[in-house]
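Novice: Structure file coords_24.cif (mmCIF, C-alpha atoms) is given on the next line.
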data_upload
#
loop_
_atom_site.label_atom_id
_atom_site.label_comp_id
_atom_site.auth_asym_id
_atom_site.auth_seq_id
_atom_site.Cartn_x
_atom_site.Cartn_y
_atom_site.Cartn_z
CA MET Q 1 75.30 144.12 -36.08
CA HIS Q 2 73.98 140.83 -37.36
CA HIS Q 3 71.03 140.65 -39.70
CA THR Q 4 68.65 138.59 -37.59
CA ASP Q 5 65.19 139.30 -38.93
CA ASP Q 6 63.42 136.38 -40.47
CA VAL Q 7 62.97 136.83 -44.20
CA SER Q 8 60.94 134.27 -46.08
CA ALA Q 9 62.36 132.31 -48.99
CA ALA Q 10 59.76 133.94 -51.24
CA THR Q 11 60.87 137.44 -50.26
CA TYR Q 12 64.55 136.60 -50.56
CA ASN Q 13 64.08 134.95 -53.96
CA TYR Q 14 62.32 137.88 -55.56
CA PRO Q 15 60.93 137.08 -59.01
CA HIS Q 16 61.59 140.52 -60.49
CA PHE Q 17 64.56 142.87 -60.22
CA VAL Q 18 62.71 145.90 -58.91
CA PRO Q 19 64.05 148.27 -56.23
CA GLU Q 20 61.39 147.42 -53.66
CA ALA Q 21 62.49 143.77 -53.91
CA PHE Q 22 66.30 143.96 -54.10
CA GLU Q 23 67.09 147.06 -52.04
CA PRO Q 24 65.96 145.62 -48.67
CA MET Q 25 68.33 142.68 -49.21
CA MET Q 26 71.43 144.86 -49.50
CA ARG Q 27 72.63 145.76 -46.01
CA PHE Q 28 76.39 145.55 -46.23
CA GLU Q 29 76.81 148.55 -43.93
CA SER Q 30 75.28 146.56 -41.06
CA SER Q 31 77.14 143.32 -41.80
CA PRO Q 32 79.25 141.73 -39.05
CA ALA Q 33 82.38 143.57 -38.01
CA LEU Q 34 85.78 142.17 -38.89
CA GLY Q 35 87.42 140.47 -35.94
CA SER Q 36 84.19 139.15 -34.42
CA LYS Q 37 83.50 135.45 -34.73
CA LEU Q 38 80.60 134.62 -37.01
CA PRO Q 39 78.00 132.06 -35.91
CA SER Q 40 77.94 128.94 -38.04
CA PHE Q 41 75.46 128.38 -40.85
CA PRO Q 42 74.43 125.21 -42.67
CA LEU Q 43 75.47 124.88 -46.29
CA TRP Q 44 74.74 122.17 -48.83
CA ARG Q 45 77.43 120.82 -51.15
CA ALA Q 46 76.37 121.25 -54.78
CA THR Q 47 77.90 117.98 -55.95
CA ASP Q 48 76.03 115.59 -53.63
CA ARG Q 49 73.71 117.80 -51.51
CA ARG Q 50 75.52 116.83 -48.32
CA GLU Q 51 74.90 119.25 -45.48
CA ASP Q 52 77.98 120.87 -43.95
CA GLN Q 53 78.56 123.61 -41.45
CA LEU Q 54 80.39 126.76 -42.52
CA SER Q 55 82.40 126.61 -39.28
CA ALA Q 56 83.64 123.11 -40.13
CA LEU Q 57 84.68 124.16 -43.63
CA LEU Q 58 86.60 127.12 -42.24
CA LYS Q 59 88.54 124.89 -39.85
CA GLU Q 60 90.13 123.07 -42.77
CA HIS Q 61 92.45 125.94 -43.74
CA LEU Q 62 94.51 128.78 -42.31
CA TYR Q 63 92.19 131.15 -44.16
CA THR Q 64 89.22 130.51 -46.43
CA VAL Q 65 88.00 132.81 -49.19
CA VAL Q 66 84.21 132.75 -49.41
CA GLU Q 67 82.73 134.25 -52.56
CA LEU Q 68 78.95 134.67 -52.56
CA GLY Q 69 76.95 135.03 -55.73
CA SER Q 70 74.89 133.28 -58.37
CA PHE Q 71 74.63 132.69 -62.09
CA THR Q 72 72.90 136.02 -62.54
CA MET V 1 88.80 134.05 -58.65
CA ASN V 2 89.57 130.50 -59.75
CA ALA V 3 93.14 131.61 -60.46
CA VAL V 4 93.42 133.21 -57.01
CA ALA V 5 92.23 129.97 -55.44
CA GLN V 6 94.85 127.99 -57.35
CA ARG V 7 97.63 130.46 -56.60
CA PHE V 8 97.09 130.36 -52.83
CA ALA V 9 96.05 126.75 -52.33
CA GLU V 10 99.60 125.66 -51.54
CA HIS V 11 99.65 128.20 -48.68
CA ASP V 12 96.74 126.52 -46.89
CA ILE V 13 94.18 128.98 -48.24
CA GLY V 14 90.81 127.40 -48.98
CA SER V 15 88.29 128.83 -51.42
CA ILE V 16 84.60 128.11 -51.76
CA PHE V 17 81.69 129.64 -53.68
CA VAL V 18 78.37 130.03 -51.88
CA TYR V 19 75.36 130.07 -54.19
CA THR V 20 72.84 132.69 -53.06
CA HIS V 21 69.80 133.82 -55.05
CA GLU V 22 69.32 135.08 -58.59
CA ALA V 23 70.09 138.77 -58.41
CA HIS V 24 68.72 139.23 -61.93
CA PRO V 25 66.11 136.54 -62.49
CA GLY V 26 65.15 136.02 -66.10
CA GLU V 27 63.47 133.57 -68.42
CA ARG V 28 66.40 131.15 -68.38
CA PHE V 29 67.36 131.56 -64.73
CA PRO V 30 64.19 132.48 -62.84
CA HIS V 31 63.99 132.98 -59.09
CA HIS V 32 64.32 129.88 -56.91
CA ARG V 33 61.16 128.27 -55.61
CA THR V 34 62.89 125.15 -54.30
CA MET V 35 66.36 123.90 -53.43
CA ASP V 36 66.19 121.83 -56.60
CA ASP V 37 66.08 125.09 -58.60
CA LYS V 38 69.11 126.26 -56.69
CA TYR V 39 71.03 123.04 -57.32
CA ARG V 40 70.26 123.24 -61.02
CA HIS V 41 71.50 126.82 -61.29
CA ALA V 42 74.62 126.02 -59.26
CA LYS V 43 75.40 123.24 -61.72
CA ALA V 44 75.10 125.75 -64.57
CA LEU V 45 77.45 128.09 -62.75
CA ARG V 46 80.01 125.30 -62.62
CA ASP V 47 79.48 123.97 -66.14
CA GLU V 48 78.81 127.15 -68.12
CA LEU V 49 80.81 129.76 -66.23
CA GLY V 50 83.60 127.40 -65.17
CA VAL V 51 83.67 127.90 -61.43
CA THR V 52 86.17 125.27 -60.29
CA ARG V 53 86.04 125.99 -56.57
CA PRO V 54 83.75 123.86 -54.41
CA ILE V 55 80.22 125.26 -54.64
CA TYR V 56 77.93 125.20 -51.61
CA LEU V 57 74.31 126.25 -51.47
CA ASP V 58 73.04 128.68 -48.88
CA ALA V 59 69.63 127.98 -47.30
CA LEU V 60 66.67 128.80 -49.53
CA ASN V 61 65.98 131.95 -47.51
CA GLY V 62 69.62 133.07 -47.81
CA ALA V 63 70.43 132.91 -44.11
CA LEU V 64 74.20 133.24 -44.55
CA HIS V 65 74.01 135.65 -47.48
CA ARG V 66 71.71 138.02 -45.62
CA ALA V 67 73.76 137.75 -42.43
CA LEU V 68 76.78 138.94 -44.40
CA GLY V 69 75.03 141.90 -45.97
CA GLY V 70 73.16 140.49 -48.95
CA MET V 71 75.20 142.06 -51.74
CA PRO V 72 75.00 140.32 -55.13
CA ASN V 73 78.65 139.27 -55.40
CA MET V 74 80.57 139.71 -52.15
CA THR V 75 83.77 138.10 -50.95
CA TRP V 76 84.76 137.49 -47.35
CA ILE V 77 87.91 135.89 -45.94
CA PHE V 78 87.66 133.97 -42.66
CA SER V 79 90.29 132.63 -40.31
CA ARG V 80 90.29 129.00 -39.25
CA GLY V 81 88.41 130.05 -36.12
CA GLY V 82 85.52 131.57 -38.09
CA VAL V 83 86.59 135.19 -37.63
CA PRO V 84 86.16 137.43 -40.69
CA VAL V 85 89.38 139.28 -41.55
CA TYR V 86 88.35 140.78 -44.91
CA LYS V 87 85.01 141.71 -46.40
CA SER V 88 84.18 143.43 -49.63
CA ASP V 89 80.82 144.44 -51.03
CA TRP V 90 81.97 143.36 -54.48
CA THR V 91 84.31 140.62 -55.65
CA ASP V 92 87.60 141.59 -57.23
CA ALA V 93 90.39 139.05 -57.66
CA HIS V 94 93.13 141.69 -57.36
CA SER V 95 91.75 142.92 -54.06
CA VAL V 96 91.39 139.39 -52.67
CA GLY V 97 94.87 138.38 -53.83
CA ASN V 98 96.36 141.51 -52.33
CA SER V 99 94.71 140.78 -48.98
CA LEU V 100 95.85 137.14 -48.99
CA ASP V 101 99.44 138.23 -49.68
CA TYR V 102 99.19 140.52 -46.67
CA LEU V 103 97.66 137.86 -44.42
CA LEU V 104 100.36 135.35 -45.33
CA GLU V 105 103.00 137.97 -44.61
CA VAL V 106 101.43 138.53 -41.18
CA ALA V 107 101.54 134.78 -40.52
CA ALA V 108 105.23 134.72 -41.45
CA ARG V 109 106.00 137.68 -39.21
CA ARG V 110 104.28 135.93 -36.32
CA ARG V 111 106.26 132.78 -36.96
CA SER V 112 109.44 134.83 -36.81
CA GLY V 113 108.50 136.07 -33.36
CA GLU V 114 106.93 139.48 -33.99
CA ARG V 115 104.14 140.37 -31.58
CA LEU V 116 101.21 141.68 -33.60
CA ALA V 117 97.78 142.97 -32.63
CA PRO V 118 94.85 143.41 -35.03
CA PHE V 119 93.33 146.74 -35.95
CA ARG V 120 90.63 147.76 -38.39
CA ILE V 121 91.08 149.80 -41.54
CA GLU V 122 88.87 150.91 -44.39
CA ARG V 123 90.19 151.10 -47.91
CA LEU V 124 88.57 151.94 -51.22
CA ASP V 125 89.52 149.27 -53.73
CA TYR V 126 88.84 149.33 -57.46
CA ARG V 127 87.18 146.67 -59.55
CA ASP V 128 86.71 145.97 -63.21
CA HIS V 129 83.73 147.94 -64.55
CA ASP V 130 83.04 146.54 -68.00
CA ARG V 131 79.41 147.34 -68.70
CA GLY V 132 79.40 145.31 -71.90
CA ARG V 133 80.46 142.20 -70.03
CA PHE V 134 77.91 142.91 -67.30
CA TYR V 135 75.17 142.96 -69.93
CA GLU V 136 76.45 139.69 -71.35
CA GLY V 137 75.72 138.22 -67.92
CA LEU V 138 72.20 139.66 -67.96
CA ASP V 139 71.69 138.21 -71.45
CA ARG V 140 72.49 134.76 -70.08
CA SER V 141 69.58 135.09 -67.68
CA GLY V 142 67.19 136.31 -70.37
CA PRO V 143 65.65 139.44 -71.94
CA ARG V 144 63.55 140.12 -68.83
CA ALA V 145 66.70 140.46 -66.73
CA VAL V 146 68.01 143.08 -69.15
CA ALA V 147 64.73 145.00 -69.28
CA GLU V 148 64.32 145.05 -65.50
CA PHE V 149 67.88 146.23 -64.92
CA GLU V 150 67.51 149.03 -67.46
CA ALA V 151 64.22 150.06 -65.86
CA ALA V 152 65.81 150.15 -62.39
CA PHE V 153 68.98 151.93 -63.55
CA PRO V 154 68.16 153.94 -66.70
CA GLN V 155 71.46 155.79 -66.39
CA ASP V 156 73.29 152.48 -66.85
CA ARG V 157 71.59 151.31 -70.02
CA ARG V 158 73.44 148.92 -72.31
CA PRO V 159 76.18 150.75 -74.24
CA LYS V 160 75.42 151.08 -77.93
CA LYS V 161 77.65 149.16 -80.31
CA ARG V 162 79.86 151.37 -82.48
#
Turn the structure described in the file into structure tokens.
Specialist:
Amino acid sequence: MHHTDDVSAATYNYPHFVPEAFEPMMRFESSPALGSKLPSFPLWRATDRREDQLSALLKEHLYTVVELGSFT
Amino acid sequence: MNAVAQRFAEHDIGSIFVYTHEAHPGERFPHHRTMDDKYRHAKALRDELGVTRPIYLDALNGALHRALGGMPNMTWIFSRGGVPVYKSDWTDAHSVGNSLDYLLEVAARRRSGERLAPFRIERLDYRDHDRGRFYEGLDRSGPRAVAEFEAAFPQDRRPKKR
């Protein structure tokens, strides 16, 4: 099942690590199933802020490893 | 994960890092209010933590991150056609490398004429669990990040130095 509800940037970027802020973000159990094509998403290249599409990046290689995370 | 990317690059395996949100916002790395904040933190990830893979920023509201389950440090592997073939709720280089070895073996078997059909499995993998190093990461964000984590998970307080 895809996570389709519209969450605001302010909610997603919670200012404090408290359960009521971070727990609703963690829904791995309902993430897309393996084997089902994912819709594309826009991404912005950190070096020059150019907008790309995830689908276009994935087409460049047999497989692509996508790690998601942040400094913290 | 940089080493995994280097090891498999010659086998047509791409690797990217998608910058999400600050899981543990602190004084030095507060939550993002703008994309400029996000760009600045992504630059620190590259320069201070040495991520050598191409870094891309997710939308400010985390559209991709949330669509994939919103965990703080996940890894997914996608085929050229945009189909996910591996997903993990935490990133572990051994697990990713193991899966890539398997996927390349499957590609070789197909090239040799084997007829293969996909199926789904679940497997419990094991990651590094160094609490001291985890707290070093919180320290980089700032004292508030440490305090808020310890308040949320009192059973996982920073180990005392011996």
Novice: Can I get the residues of chain V within 6 Å of chain Q, each with the closest pair of atoms and their distance in Å to one decimal, using only C-alpha atoms, sorted chain first then ascending number, as CSV?
Specialist:
residue,atom,partner,partner_atom,distance
V:Asp12,CA,Q:His61,CA,5.4
V:Ile13,CA,Q:Tyr63,CA,5.0
V:Gly14,CA,Q:Thr64,CA,4.3
V:Ser15,CA,Q:Val65,CA,4.6
V:Ile16,CA,Q:Val66,CA,5.2
V:Phe17,CA,Q:Glu67,CA,4.9
V:Val18,CA,Q:Leu68,CA,4.7
V:Tyr19,CA,Q:Ser70,CA,5.3
V:Thr20,CA,Q:Gly69,CA,5.4
V:His21,CA,Q:Asn13,CA,5.9
V:Glu22,CA,Q:Thr72,CA,5.4
V:Ala23,CA,Q:Thr72,CA,5.7
V:His24,CA,Q:Thr72,CA,5.3
V:His31,CA,Q:Pro15,CA,5.1
V:His32,CA,Q:Asn13,CA,5.9
V:Leu45,CA,Q:Phe71,CA,5.4
V:Ile55,CA,Q:Ala46,CA,5.6
V:Tyr56,CA,Q:Arg45,CA,4.4
V:Leu57,CA,Q:Trp44,CA,4.9
V:Asp58,CA,Q:Leu43,CA,5.2
V:Leu60,CA,Q:Ala9,CA,5.6
V:Asn61,CA,Q:Ala9,CA,3.9
V:Ala67,CA,Q:His3,CA,4.8
V:Leu68,CA,Q:Ser31,CA,5.1
V:Gly69,CA,Q:Phe28,CA,3.9
V:Gly70,CA,Q:Met26,CA,4.7
V:Met71,CA,Q:Met26,CA,5.2
V:Pro72,CA,Q:Gly69,CA,5.7
V:Asn73,CA,Q:Gly69,CA,4.6
V:Met74,CA,Q:Leu68,CA,5.3
V:Thr75,CA,Q:Glu67,CA,4.3
V:Trp76,CA,Q:Val66,CA,5.2
V:Ile77,CA,Q:Val65,CA,4.5
V:Phe78,CA,Q:Thr64,CA,5.3
V:Ser79,CA,Q:Tyr63,CA,4.5
V:Arg80,CA,Q:Lys59,CA,4.5
V:Gly82,CA,Q:Lys37,CA,5.5
V:Val83,CA,Q:Lys37,CA,4.2
V:Pro84,CA,Q:Leu34,CA,5.1
V:Val85,CA,Q:Leu34,CA,5.3
V:Glu148,CA,Q:Phe17,CA,5.7
Novice: For a test of reading the model, state the distance in Å between atom CA of Leu138 of chain V and atom CA of Leu124 of chain V, rounded to one decimal.
Specialist: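 Interatomic distance, atom CA of Leu138 of chain V to atom CA of Leu124 of chain V: 26.4 Å.
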Novice: Output the residue selection produced by the PyMOL selection byres ((chain V and resi 104) around 10) on the file above, formatted as number ranges by chain.
Specialist: Q: 62-63; V: 8, 11-13, 99-103, 105-110
Novice: Between atom CA of Gly81 of chain V and atom CA of Met35 of chain V, what distance in Å does the model show, to one decimal?
Specialist: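 It comes out at 28.7 Å.
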Novice: Record the distance separating atom CA of Asp36 of chain V and atom CA of Gly62 of chain V, expressed in Å with one decimal.
Specialist: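 Result for atom CA of Asp36 of chain V versus atom CA of Gly62 of chain V: 14.7 Å, one decimal.
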Novice: Quick one: segment 32-43 of chain V with all heavy atoms, as a short mmCIF file (atom, residue, chain, number, x, y, z; two decimals), keeping the file's coordinate frame?
Specialist:
data_model
loop_
_atom_site.label_atom_id
_atom_site.label_comp_id
_atom_site.auth_asym_id
_atom_site.auth_seq_id
_atom_site.Cartn_x
_atom_site.Cartn_y
_atom_site.Cartn_z
N HIS V 32 64.40 131.24 -57.45
CA HIS V 32 64.32 129.88 -56.91
C HIS V 32 63.02 129.72 -56.12
O HIS V 32 62.72 130.52 -55.25
CB HIS V 32 65.49 129.60 -55.96
CG HIS V 32 66.83 129.87 -56.55
ND1 HIS V 32 67.91 130.28 -55.82
CD2 HIS V 32 67.26 129.81 -57.85
CE1 HIS V 32 68.95 130.45 -56.61
NE2 HIS V 32 68.58 130.18 -57.84
N ARG V 33 62.32 128.65 -56.43
CA ARG V 33 61.16 128.27 -55.61
C ARG V 33 61.51 127.12 -54.67
O ARG V 33 60.88 126.94 -53.63
CB ARG V 33 59.99 127.86 -56.50
CG ARG V 33 59.38 129.00 -57.31
CD ARG V 33 58.12 128.52 -58.03
NE ARG V 33 57.45 129.60 -58.72
CZ ARG V 33 57.72 129.98 -59.97
NH1 ARG V 33 58.67 129.37 -60.66
NH2 ARG V 33 57.06 130.97 -60.54
N THR V 34 62.50 126.33 -55.08
CA THR V 34 62.89 125.15 -54.30
C THR V 34 64.42 125.04 -54.30
O THR V 34 65.11 125.67 -55.11
CB THR V 34 62.33 123.87 -54.94
OG1 THR V 34 62.97 123.68 -56.21
CG2 THR V 34 60.82 123.96 -55.13
N MET V 35 64.92 124.17 -53.43
CA MET V 35 66.36 123.90 -53.43
C MET V 35 66.77 123.21 -54.72
O MET V 35 67.91 123.35 -55.15
CB MET V 35 66.75 123.07 -52.20
CG MET V 35 66.78 123.85 -50.89
SD MET V 35 67.99 125.20 -50.87
CE MET V 35 69.48 124.35 -50.37
N ASP V 36 65.86 122.46 -55.33
CA ASP V 36 66.19 121.83 -56.60
C ASP V 36 66.53 122.89 -57.66
O ASP V 36 67.44 122.71 -58.47
CB ASP V 36 65.02 120.96 -57.10
CG ASP V 36 64.95 119.63 -56.38
OD1 ASP V 36 65.95 119.26 -55.72
OD2 ASP V 36 63.91 118.97 -56.46
N ASP V 37 65.77 123.99 -57.67
CA ASP V 37 66.08 125.09 -58.60
C ASP V 37 67.50 125.58 -58.34
O ASP V 37 68.28 125.82 -59.27
CB ASP V 37 65.12 126.27 -58.38
CG ASP V 37 63.69 125.95 -58.76
OD1 ASP V 37 63.48 125.02 -59.56
OD2 ASP V 37 62.78 126.63 -58.23
N LYS V 38 67.81 125.71 -57.07
CA LYS V 38 69.11 126.26 -56.69
C LYS V 38 70.24 125.31 -57.10
O LYS V 38 71.28 125.75 -57.59
CB LYS V 38 69.10 126.50 -55.17
CG LYS V 38 70.06 127.54 -54.67
CD LYS V 38 69.61 128.02 -53.29
CE LYS V 38 70.54 129.03 -52.72
NZ LYS V 38 69.96 129.84 -51.65
N TYR V 39 70.03 124.02 -56.89
CA TYR V 39 71.03 123.04 -57.32
C TYR V 39 71.24 123.09 -58.82
O TYR V 39 72.37 123.03 -59.32
CB TYR V 39 70.61 121.62 -56.90
CG TYR V 39 70.92 121.29 -55.47
CD1 TYR V 39 69.91 121.14 -54.53
CD2 TYR V 39 72.24 121.10 -55.06
CE1 TYR V 39 70.20 120.84 -53.21
CE2 TYR V 39 72.54 120.79 -53.74
CZ TYR V 39 71.51 120.65 -52.82
OH TYR V 39 71.79 120.36 -51.52
N ARG V 40 70.16 123.22 -59.56
CA ARG V 40 70.26 123.24 -61.02
C ARG V 40 71.05 124.48 -61.49
O ARG V 40 71.91 124.38 -62.36
CB ARG V 40 68.84 123.23 -61.61
CG ARG V 40 68.80 122.94 -63.10
CD ARG V 40 67.39 122.60 -63.56
NE ARG V 40 66.41 123.62 -63.22
CZ ARG V 40 65.46 123.47 -62.27
NH1 ARG V 40 65.38 122.35 -61.59
NH2 ARG V 40 64.61 124.45 -62.02
N HIS V 41 70.79 125.61 -60.89
CA HIS V 41 71.50 126.82 -61.29
C HIS V 41 72.97 126.77 -60.87
O HIS V 41 73.85 127.27 -61.59
CB HIS V 41 70.82 128.04 -60.69
CG HIS V 41 69.44 128.28 -61.23
ND1 HIS V 41 68.72 129.43 -60.96
CD2 HIS V 41 68.65 127.52 -62.04
CE1 HIS V 41 67.54 129.36 -61.57
NE2 HIS V 41 67.48 128.21 -62.22
N ALA V 42 73.23 126.16 -59.71
CA ALA V 42 74.62 126.02 -59.26
C ALA V 42 75.41 125.13 -60.22
O ALA V 42 76.59 125.38 -60.50
CB ALA V 42 74.66 125.44 -57.85
N LYS V 43 74.75 124.12 -60.75
CA LYS V 43 75.40 123.24 -61.72
C LYS V 43 75.73 124.03 -63.00
O LYS V 43 76.80 123.86 -63.59
CB LYS V 43 74.48 122.06 -62.05
CG LYS V 43 75.08 121.03 -62.96
CD LYS V 43 74.15 119.82 -63.09
CE LYS V 43 74.74 118.73 -63.97
NZ LYS V 43 74.99 119.15 -65.33
#
